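Peer 1: Right, I'll just put the structure down here and ask away after.
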Amino acid sequence: MDYGLKPLGRERLWLWLMLVPTISGLVFGTIGSLFATLGLSLFDWDLINPPTWVGTENYVALFQNENYIEAFVNTLKFSALYVPGVVVISLLLAVLLNRKIRGVGIFRTIYFLPTVTSAVATALVWNMIYGKETGILNFMLETLGFAPICWLCTDNAMMSVVIVNIWGAIGEGMIIFLAGLTAIPRDYYEAASLDGADSFQQFFRVTLPLVTPSIFFQTLISAINAFQAYDYIYMLTRRGQGDSSVPVAVYSIYRNAFHFFRMGDASAQAIQLAVLVGVFMAIMFWWERHYVVYE
Amino acid sequence: MKKLMFIFVIASLVLAACGSKPADAGPVEITFTMWGAPEELAVWQAVVDDFHAANPNITVKVDVSDWDSYWTKLNTLIAGGTPPDVFAMDAPLFLDWQSRGALLNLQPYIDANPGFLDGFYPQTLTAYKTVDGYYGLPRDFQTIVLFYNKDMFDAAGIAYPTGDWTYDDLLAAAKQLTLDKDNDGKIDQYGFWTDTWDMELLWSEAIWSYGGDIISSDHTKTLIGEGGARDAWAFIDSLYKEGVMPTPTASGEFGFDLFQSNMAAMTTIGHWAVPGYVQAGIKFDVAPMPKGPAGQATSVNSAGFVIAKDSKNADAAFEFIKFALGEAGQTKLAQLGFAIPVLKSVAESDAYLKQPGDLNQQVFLDSTVFAHTKPVFKGYEEWAGVVGDGLIPVFDGEAELNTTLDEVITAADEVLAANK
């Protein structure tokens, strides 16, 4: 892996000097707050009085905290629906848009739009779509003769929120997969069709194995986003007193820290979430070693 | 979001360490932080200017944020060791802050100013009183009354609400005022609308009027399922079941306040809503809350002033509070029209009674006779979330009232136990 020029002599000094702002931001901002959270999770702190040492008590308490368990289970359910949804739909979209069709640029732009639009603004629009009395979705249902559905009531809120989150993420996934698809040499398809493979066989035997690096990458990114999902959920499911009909882990962390003044509990929850993400990543990298095909 | 907050906390800790400067005699500057609308800033600035004219040595810096960012900012400033000298407090949250030792005991100042609290409405003071004295003082307050849209009542040919109405009268009128004007199967005008996630607008009043209570006096037991309280909940549930008001999850589709968006004929709310209604051009007036089987009740809640325990200019801070709570300050604040002055003499003067909008302001004052103070206890915010938000599935029509109420009460009592 010897590419480009190597820094020599005084250049090396300049290189490090130029990197100082970025690295110090990383050290104090990201890594610093990670260690601060780890430390705080071993204390009780109400933001005003000095923190008191409680050891692993906050972690033990997590397992008895029904609200947190509910939020944690919601995060898992959300991820289980969201990650496959994003990966499958954005892959299919990319395959459809990876052809010479009229106006393909317009389609790609439309699917990418949610990625570059403010989540708060689009959540407001989704609120109107999902509205029980005046929503567009229920208007269509009623026109077709079905009973209206309360999309954002407790029973359906999880599904409704997953749909919005998938909708918001497929644009980015589509770009990743398009890049992966364009890298597959055309000769493979020519060879396959000479051997008599139809387009389904071509997709499963040629395309799918060769985009596994993109699938791996997109699954990883989607999972990390799923565990941290917050903005659409907050905007669509927040109730009057700050609770939510789909409380997820990040929601619980935020409320415990800044509304209930329990920094220690919030930090322990954040660490547990980080550990979960870590375990998931380890599984993914194991999967990568065994199933991902690099040319 | 969380990460951002954390960086804020760390940054302010660092800034706090660099920023401590020695106290000097002579002119002092104090900071006053509050939540509120932008138009409130202008009136507060006028109060501050008057104060500065009377006390040239003290400069007050006012900072106004919206409700949500106000509390985040306050947390960050206090955690960073740079609290504002004076800040606004919502009475129900008072104990959550006082019990953490964030607030200064004002009792020595009150003792040094004999007669200072004599002219206050007594119900507004109880919220801030602890065993060792006052840690805050109310600056203005709210009573909840029944607002009605005169045009809608006139069009339906129904007599305006009176002080003798019962909750059953309210429901009967609301049914008559719920209309599908163009016969498309969709309601165009609801008879009634209010928020039921917070106790202040309807459910605490209904529970008291039906003979129930909210919480035991030692703050260990949630009482909203006992005695007459169940009947009050059944009444509120019937408002939804009869369709005279939209379900909580659907009501947001008609604007954040259906009375203001001309979609509802009646609402129960406090004085803070008046400027918005006047501006929206709605023809309305007010009547006292309806009566229940156990009599009439409303809720009193106040916004107040507190001083940070670590304030370096506590004396100057109290001078400012004293001025804002005096005749001159209260008269100016009365003109805001968002609340009722805590000073009886100002509330009963033209400054309050002759406000734009031509409504019966006296109703807000007379309601204090049968008013209960909105409960103040530790863990209020978490408790209010468990109870208020926990019942939304019932009102959305997804859960049964009594079993949900039982679950909610168990969870609410756990919150009280954890916040002992």
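Following the order of the structure tokens, first chain is A, next is B, and so on, with residues numbered from 1 inside each chain and ligands from 1 in the order they appear.
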Show which residues sit within 12 Å of B:Leu74, as a PyMOL selection string. Count only C-alpha atoms, and ignore same-chain residues fewer than 2 positions away.
Peer 2: (chain A and resi 47-48+258-259) or (chain B and resi 8-9+12+32-35+63-72+76-89+97+102+308)
Peer 1: Produce a table with one row for each residue of chain A that has an atom at most 9 Å from any atom of chain B, each row naming the nearest atom pair and its distance in Å at one decimal; use only C-alpha atoms; arrange rows by chain and rising residue number; format as a tab-separated table.
Peer 2:
```
residue	atom	partner	partner_atom	distance
A:Gly29	CA	B:Ile7	CA	6.8
A:Thr30	CA	B:Lys3	CA	8.5
A:Ser33	CA	B:Phe6	CA	7.2
A:Thr37	CA	B:Phe6	CA	8.9
A:Asp46	CA	B:Arg100	CA	7.5
A:Leu47	CA	B:Ala79	CA	4.9
A:Ile48	CA	B:Ala79	CA	5.3
A:Asn49	CA	B:Arg100	CA	7.0
A:Asn127	CA	B:Glu253	CA	8.1
A:Met128	CA	B:Glu253	CA	7.1
A:Gly131	CA	B:Glu253	CA	6.4
A:Lys132	CA	B:Ala250	CA	5.6
A:Glu133	CA	B:Ala250	CA	6.4
A:Thr134	CA	B:Glu253	CA	6.9
A:Gly135	CA	B:Glu253	CA	8.3
A:Cys150	CA	B:Ala250	CA	8.0
A:Leu152	CA	B:Thr249	CA	7.0
A:Cys153	CA	B:Thr249	CA	6.4
A:Thr154	CA	B:Pro393	CA	6.4
A:Asp155	CA	B:Glu398	CA	7.5
A:Tyr230	CA	B:Met1	CA	8.4
A:Asp231	CA	B:Met1	CA	8.9
A:Arg239	CA	B:Asp389	CA	6.2
A:Gly240	CA	B:Trp197	CA	5.8
A:Gln241	CA	B:Gly385	CA	4.9
A:Gly242	CA	B:Gly385	CA	6.6
A:Asp243	CA	B:Gly385	CA	5.9
A:Ser244	CA	B:Asp389	CA	7.9
A:Ser245	CA	B:Asp389	CA	8.6
A:Val250	CA	B:Lys2	CA	7.8
A:Ile253	CA	B:Lys2	CA	7.7
A:Tyr254	CA	B:Lys2	CA	6.0
A:Ala257	CA	B:Lys2	CA	8.6
A:Phe258	CA	B:Thr72	CA	6.7
A:His259	CA	B:Glu381	CA	7.6
A:Phe260	CA	B:Glu382	CA	6.8
A:Phe261	CA	B:Asn75	CA	8.8
```
Peer 1: Run DSSP on the backbone of this structure and report the residues of stretch 104-333 of chain B it assigns to alpha helix (DSSP H), as a PyMOL selection string.
Peer 2: chain B and resi 107-112+122-125+150-156+167-177+203-209+229-241+248-251+274-279+314-324+327-333
Peer 1: Using only C-alpha atoms, please write the residues we just selected to a file, as an mmCIF file, in the first residue's frame.
Peer 2:
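Saved to selection_21.cif:
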```cif
data_model
loop_
_atom_site.group_PDB
_atom_site.id
_atom_site.type_symbol
_atom_site.label_atom_id
_atom_site.label_comp_id
_atom_site.auth_asym_id
_atom_site.auth_seq_id
_atom_site.Cartn_x
_atom_site.Cartn_y
_atom_site.Cartn_z
ATOM 1 C CA GLN B 107 -36.127 34.177 54.527
ATOM 2 C CA PRO B 108 -33.435 36.512 55.958
ATOM 3 C CA TYR B 109 -34.300 39.097 53.292
ATOM 4 C CA ILE B 110 -38.023 38.719 53.924
ATOM 5 C CA ASP B 111 -37.455 39.113 57.684
ATOM 6 C CA ALA B 112 -35.470 42.274 56.987
ATOM 7 C CA PRO B 122 -51.857 33.743 49.966
ATOM 8 C CA GLN B 123 -52.348 30.676 47.674
ATOM 9 C CA THR B 124 -49.493 31.889 45.502
ATOM 10 C CA LEU B 125 -47.020 31.870 48.396
ATOM 11 C CA LYS B 150 -69.539 34.010 21.849
ATOM 12 C CA ASP B 151 -70.078 33.720 18.085
ATOM 13 C CA MET B 152 -70.458 29.952 18.273
ATOM 14 C CA PHE B 153 -72.837 30.152 21.233
ATOM 15 C CA ASP B 154 -74.925 32.831 19.479
ATOM 16 C CA ALA B 155 -75.071 30.824 16.247
ATOM 17 C CA ALA B 156 -76.305 27.760 18.140
ATOM 18 C CA TYR B 167 -69.662 19.408 34.452
ATOM 19 C CA ASP B 168 -72.801 17.743 33.050
ATOM 20 C CA ASP B 169 -73.981 21.140 31.726
ATOM 21 C CA LEU B 170 -70.584 21.533 30.072
ATOM 22 C CA LEU B 171 -70.895 18.166 28.319
ATOM 23 C CA ALA B 172 -74.501 18.870 27.241
ATOM 24 C CA ALA B 173 -73.566 22.241 25.719
ATOM 25 C CA ALA B 174 -70.454 20.753 24.116
ATOM 26 C CA LYS B 175 -72.597 18.128 22.396
ATOM 27 C CA GLN B 176 -74.856 20.821 20.942
ATOM 28 C CA LEU B 177 -71.845 22.819 19.789
ATOM 29 C CA TRP B 203 -58.114 17.045 35.315
ATOM 30 C CA SER B 204 -56.931 18.414 38.655
ATOM 31 C CA GLU B 205 -59.961 20.735 38.772
ATOM 32 C CA ALA B 206 -62.330 17.899 37.869
ATOM 33 C CA ILE B 207 -60.810 15.576 40.495
ATOM 34 C CA TRP B 208 -61.166 18.204 43.222
ATOM 35 C CA SER B 209 -64.756 18.999 42.162
ATOM 36 C CA ALA B 229 -61.354 10.871 41.359
ATOM 37 C CA ARG B 230 -62.484 7.859 39.305
ATOM 38 C CA ASP B 231 -65.748 9.673 38.479
ATOM 39 C CA ALA B 232 -63.755 12.703 37.328
ATOM 40 C CA TRP B 233 -61.684 10.516 34.991
ATOM 41 C CA ALA B 234 -64.843 8.884 33.673
ATOM 42 C CA PHE B 235 -66.186 12.363 32.901
ATOM 43 C CA ILE B 236 -63.010 13.366 31.031
ATOM 44 C CA ASP B 237 -63.042 10.076 29.137
ATOM 45 C CA SER B 238 -66.670 10.748 28.142
ATOM 46 C CA LEU B 239 -65.640 14.045 26.516
ATOM 47 C CA TYR B 240 -63.519 11.978 24.134
ATOM 48 C CA LYS B 241 -65.947 9.086 23.780
ATOM 49 C CA PRO B 248 -55.043 13.827 22.079
ATOM 50 C CA THR B 249 -52.977 12.403 19.222
ATOM 51 C CA ALA B 250 -55.318 13.870 16.586
ATOM 52 C CA SER B 251 -55.821 17.293 18.166
ATOM 53 C CA VAL B 274 -55.663 35.721 26.383
ATOM 54 C CA PRO B 275 -53.229 37.771 24.224
ATOM 55 C CA GLY B 276 -53.222 35.039 21.563
ATOM 56 C CA TYR B 277 -57.005 34.821 21.499
ATOM 57 C CA VAL B 278 -57.363 38.604 21.270
ATOM 58 C CA GLN B 279 -54.833 38.703 18.450
ATOM 59 C CA ALA B 314 -27.476 38.158 46.226
ATOM 60 C CA ASP B 315 -28.239 41.515 47.881
ATOM 61 C CA ALA B 316 -28.599 43.271 44.532
ATOM 62 C CA ALA B 317 -30.589 40.318 43.211
ATOM 63 C CA PHE B 318 -33.103 40.604 46.034
ATOM 64 C CA GLU B 319 -33.385 44.364 45.464
ATOM 65 C CA PHE B 320 -34.458 43.580 41.906
ATOM 66 C CA ILE B 321 -37.014 40.982 43.024
ATOM 67 C CA LYS B 322 -38.379 43.442 45.586
ATOM 68 C CA PHE B 323 -38.808 46.049 42.871
ATOM 69 C CA ALA B 324 -40.502 43.682 40.406
ATOM 70 C CA GLU B 327 -46.500 48.297 43.003
ATOM 71 C CA ALA B 328 -44.493 49.829 40.151
ATOM 72 C CA GLY B 329 -43.105 46.545 38.831
ATOM 73 C CA GLN B 330 -46.369 44.655 39.155
ATOM 74 C CA THR B 331 -48.334 47.421 37.420
ATOM 75 C CA LYS B 332 -46.019 47.272 34.438
ATOM 76 C CA LEU B 333 -46.161 43.470 34.304
#
```
Peer 1: Which neighbours of A:Tyr111 fall inside 9 Å, counting only C-alpha atoms, when residues of the same chain fewer than 2 positions from it are skipped, and could you give them as a PyMOL selection string?
Peer 2: chain A and resi 93+106-109+113-115+167-168+170-172+174
Peer 1: Which residues are near A:Leu220? Cut-off 9 Å, only C-alpha atoms, ignore same chain within fewer than 6 positions. Put them as a PDB file with N, CA and C atoms, in the first residue's frame.
Peer 2:
```pdb
ATOM      1  N   VAL A  83     -32.947  -1.801   9.993  1.00  0.00           N
ATOM      2  CA  VAL A  83     -31.719  -2.147   9.271  1.00  0.00           C
ATOM      3  C   VAL A  83     -32.006  -2.985   8.016  1.00  0.00           C
ATOM      4  N   PHE A 280     -22.369  -5.713  18.264  1.00  0.00           N
ATOM      5  CA  PHE A 280     -22.939  -5.854  16.932  1.00  0.00           C
ATOM      6  C   PHE A 280     -21.854  -5.702  15.861  1.00  0.00           C
ATOM      7  N   MET A 281     -20.956  -4.725  16.079  1.00  0.00           N
ATOM      8  CA  MET A 281     -19.886  -4.508  15.101  1.00  0.00           C
ATOM      9  C   MET A 281     -18.976  -5.716  15.039  1.00  0.00           C
ATOM     10  N   MET A 284     -20.531  -8.261  12.967  1.00  0.00           N
ATOM     11  CA  MET A 284     -20.484  -7.860  11.562  1.00  0.00           C
ATOM     12  C   MET A 284     -19.113  -8.123  10.956  1.00  0.00           C
TER      13      MET A 284
END
```
Peer 1: As an exercise, work out the distance from atom CA of A:Ile283 to atom CA of A:Thr75 in Å and give it to one decimal place.
Peer 2: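 Atom-to-atom, atom CA of A:Ile283 and atom CA of A:Thr75 are spaced 18.0 Å apart.
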Peer 1: Can you tell me which residues surround A:Thr52 at a distance of at most 10 Å, considering only C-alpha atoms, apart from same-chain residues fewer than 3 positions away, and format the answer as a PyMOL selection string?
Peer 2: chain A and resi 40+42-46+49+55+264
Peer 1: As a list in words, please: the residues near A:Pro148 (cut-off 8 Å, only C-alpha atoms, same-chain neighbours under 2 positions excluded).
Peer 2: Lys132, Asn138, Phe139, Leu141, Glu142, Phe146 and Cys150 of chain A
Peer 1: Could you please determine the separation between atom CA of B:Phe120 and atom CA of B:Arg139 in Å, to one decimal place?
Peer 2: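 Atom-to-atom, atom CA of B:Phe120 to atom CA of B:Arg139, that is 9.7 Å.
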Peer 1: Give me, please, the distance in Å between atom CA of A:Leu137 and atom CA of A:Ala249, quoted to one decimal.
Peer 2: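 Pair atom CA of A:Leu137 / atom CA of A:Ala249 returns 29.0 Å.
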Peer 1: Using only C-alpha atoms, which of the listed residues (A:Leu144, A:Trp287, A:Tyr294, A:Ala268) sits closest to A:Asn58?
Peer 2: A:Ala268
Peer 1: Residues at most 9 Å from stretch 182-199 of chain A, counting only C-alpha atoms, excluding those fewer than 5 positions away in the same chain, as a count of residues only?
Peer 2: 8
Peer 1: Using only C-alpha atoms, pick whichever of A:Ile101, A:Leu276, A:Val88, A:Met18 has the shortest atom-to-atom distance to A:Thr219.
Peer 2: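 Selected residue with least distance to A:Thr219: A:Val88.
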Peer 1: Where in stretch 183-419 of chain B does DSSP assign strand (DSSP E or B), given as a CSV table (one decimal) with N, CA and C atoms, in the first residue's frame?
Peer 2:
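This is the output file states04.csv:
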```csv
chain,number,residue,atom,x,y,z
B,189,GLN,N,-66.5,21.7,13.8
B,189,GLN,CA,-66.4,22.6,15.0
B,189,GLN,C,-66.6,21.6,16.2
B,190,TYR,N,-65.7,21.6,17.1
B,190,TYR,CA,-65.8,20.8,18.4
B,190,TYR,C,-66.4,21.7,19.5
B,215,ILE,N,-52.5,14.0,45.4
B,215,ILE,CA,-51.3,13.4,46.0
B,215,ILE,C,-51.4,13.6,47.5
B,222,THR,N,-50.0,8.5,45.4
B,222,THR,CA,-50.8,9.1,44.3
B,222,THR,C,-52.2,8.8,44.6
B,264,ALA,N,-62.9,25.2,18.2
B,264,ALA,CA,-63.6,24.7,19.4
B,264,ALA,C,-64.4,25.8,20.1
B,266,MET,N,-65.4,25.9,23.3
B,266,MET,CA,-65.1,26.2,24.7
B,266,MET,C,-63.7,25.6,25.0
B,267,THR,N,-63.0,26.2,26.0
B,267,THR,CA,-61.8,25.6,26.5
B,267,THR,C,-61.6,26.0,28.0
B,268,THR,N,-60.8,25.2,28.7
B,268,THR,CA,-60.4,25.6,30.0
B,268,THR,C,-58.9,25.9,30.0
B,269,ILE,N,-58.6,27.1,30.3
B,269,ILE,CA,-57.1,27.5,30.2
B,269,ILE,C,-56.9,28.7,31.1
B,284,PHE,N,-64.7,36.3,22.6
B,284,PHE,CA,-64.9,35.4,23.7
B,284,PHE,C,-65.1,36.1,25.0
B,285,ASP,N,-65.5,35.3,26.0
B,285,ASP,CA,-65.5,35.8,27.4
B,285,ASP,C,-65.2,34.6,28.3
B,286,VAL,N,-65.2,34.8,29.6
B,286,VAL,CA,-64.8,33.8,30.5
B,286,VAL,C,-65.9,33.6,31.6
B,287,ALA,N,-66.0,32.3,32.1
B,287,ALA,CA,-66.9,32.0,33.2
B,287,ALA,C,-66.1,31.2,34.1
B,291,LYS,N,-69.2,23.3,38.3
B,291,LYS,CA,-69.2,22.6,39.6
B,291,LYS,C,-69.3,21.1,39.4
B,292,GLY,N,-68.8,20.4,40.4
B,292,GLY,CA,-68.9,18.9,40.4
B,292,GLY,C,-69.7,18.5,41.6
B,295,GLY,N,-68.6,20.3,44.7
B,295,GLY,CA,-68.4,21.7,44.7
B,295,GLY,C,-67.6,22.2,43.5
B,296,GLN,N,-67.1,23.4,43.7
B,296,GLN,CA,-66.4,24.1,42.6
B,296,GLN,C,-64.9,24.1,43.0
B,298,THR,N,-60.8,25.3,41.2
B,298,THR,CA,-59.9,25.5,40.1
B,298,THR,C,-58.5,25.4,40.6
B,299,SER,N,-57.5,25.6,39.8
B,299,SER,CA,-56.1,25.5,40.1
B,299,SER,C,-55.4,26.8,40.1
B,300,VAL,N,-54.6,27.0,41.1
B,300,VAL,CA,-53.7,28.2,41.1
B,300,VAL,C,-52.3,27.8,40.9
B,301,ASN,N,-51.6,28.3,39.9
B,301,ASN,CA,-50.2,28.0,39.7
B,301,ASN,C,-49.5,29.4,39.4
B,302,SER,N,-48.2,29.4,39.9
B,302,SER,CA,-47.5,30.7,39.7
B,302,SER,C,-46.2,30.5,39.0
B,303,ALA,N,-45.7,31.5,38.5
B,303,ALA,CA,-44.3,31.6,38.1
B,303,ALA,C,-43.6,32.5,39.1
B,304,GLY,N,-42.4,32.1,39.4
B,304,GLY,CA,-41.8,32.9,40.5
B,304,GLY,C,-40.3,33.2,40.2
B,305,PHE,N,-39.8,33.9,41.2
B,305,PHE,CA,-38.3,34.3,41.2
B,305,PHE,C,-37.6,33.4,42.2
B,306,VAL,N,-36.4,33.0,41.8
B,306,VAL,CA,-35.5,32.4,42.8
B,306,VAL,C,-34.1,33.0,42.6
B,307,ILE,N,-33.3,32.9,43.6
B,307,ILE,CA,-31.9,33.4,43.5
B,307,ILE,C,-31.0,32.2,43.7
B,308,ALA,N,-30.0,32.1,42.8
B,308,ALA,CA,-29.0,31.0,42.9
B,308,ALA,C,-28.3,31.0,44.2
B,340,ILE,N,-51.8,37.1,36.1
B,340,ILE,CA,-52.5,37.9,37.1
B,340,ILE,C,-51.4,38.4,38.1
B,341,PRO,N,-51.3,39.7,38.4
B,341,PRO,CA,-50.3,40.1,39.4
B,341,PRO,C,-50.5,39.5,40.7
B,343,LEU,N,-49.8,40.9,43.5
B,343,LEU,CA,-50.2,41.9,44.5
B,343,LEU,C,-51.6,42.2,44.3
B,371,ALA,N,-60.0,28.1,44.8
B,371,ALA,CA,-58.8,27.5,44.1
B,371,ALA,C,-57.9,26.7,45.0
B,372,HIS,N,-57.4,25.6,44.5
B,372,HIS,CA,-56.4,24.8,45.1
B,372,HIS,C,-55.0,25.1,44.5
B,373,THR,N,-54.0,25.1,45.3
B,373,THR,CA,-52.6,25.3,44.7
B,373,THR,C,-52.2,24.0,43.9
```
Peer 1: Which one of B:Gly36, B:Thr31, B:Asn105, B:Leu93 sits closest to B:Asp132 if you count only C-alpha atoms?
Peer 2: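 When distances to B:Asp132 are compared using only C-alpha atoms, the smallest one comes from B:Asn105.
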Peer 1: Restricting the calculation to only C-alpha atoms: of B:Leu336, B:Leu103, B:Ala91, B:Val346, which residue gets closest to B:Pro38?
Peer 2: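 Of B:Leu336, B:Leu103, B:Ala91, B:Val346, the one nearest B:Pro38 is B:Leu336, counting only C-alpha atoms.
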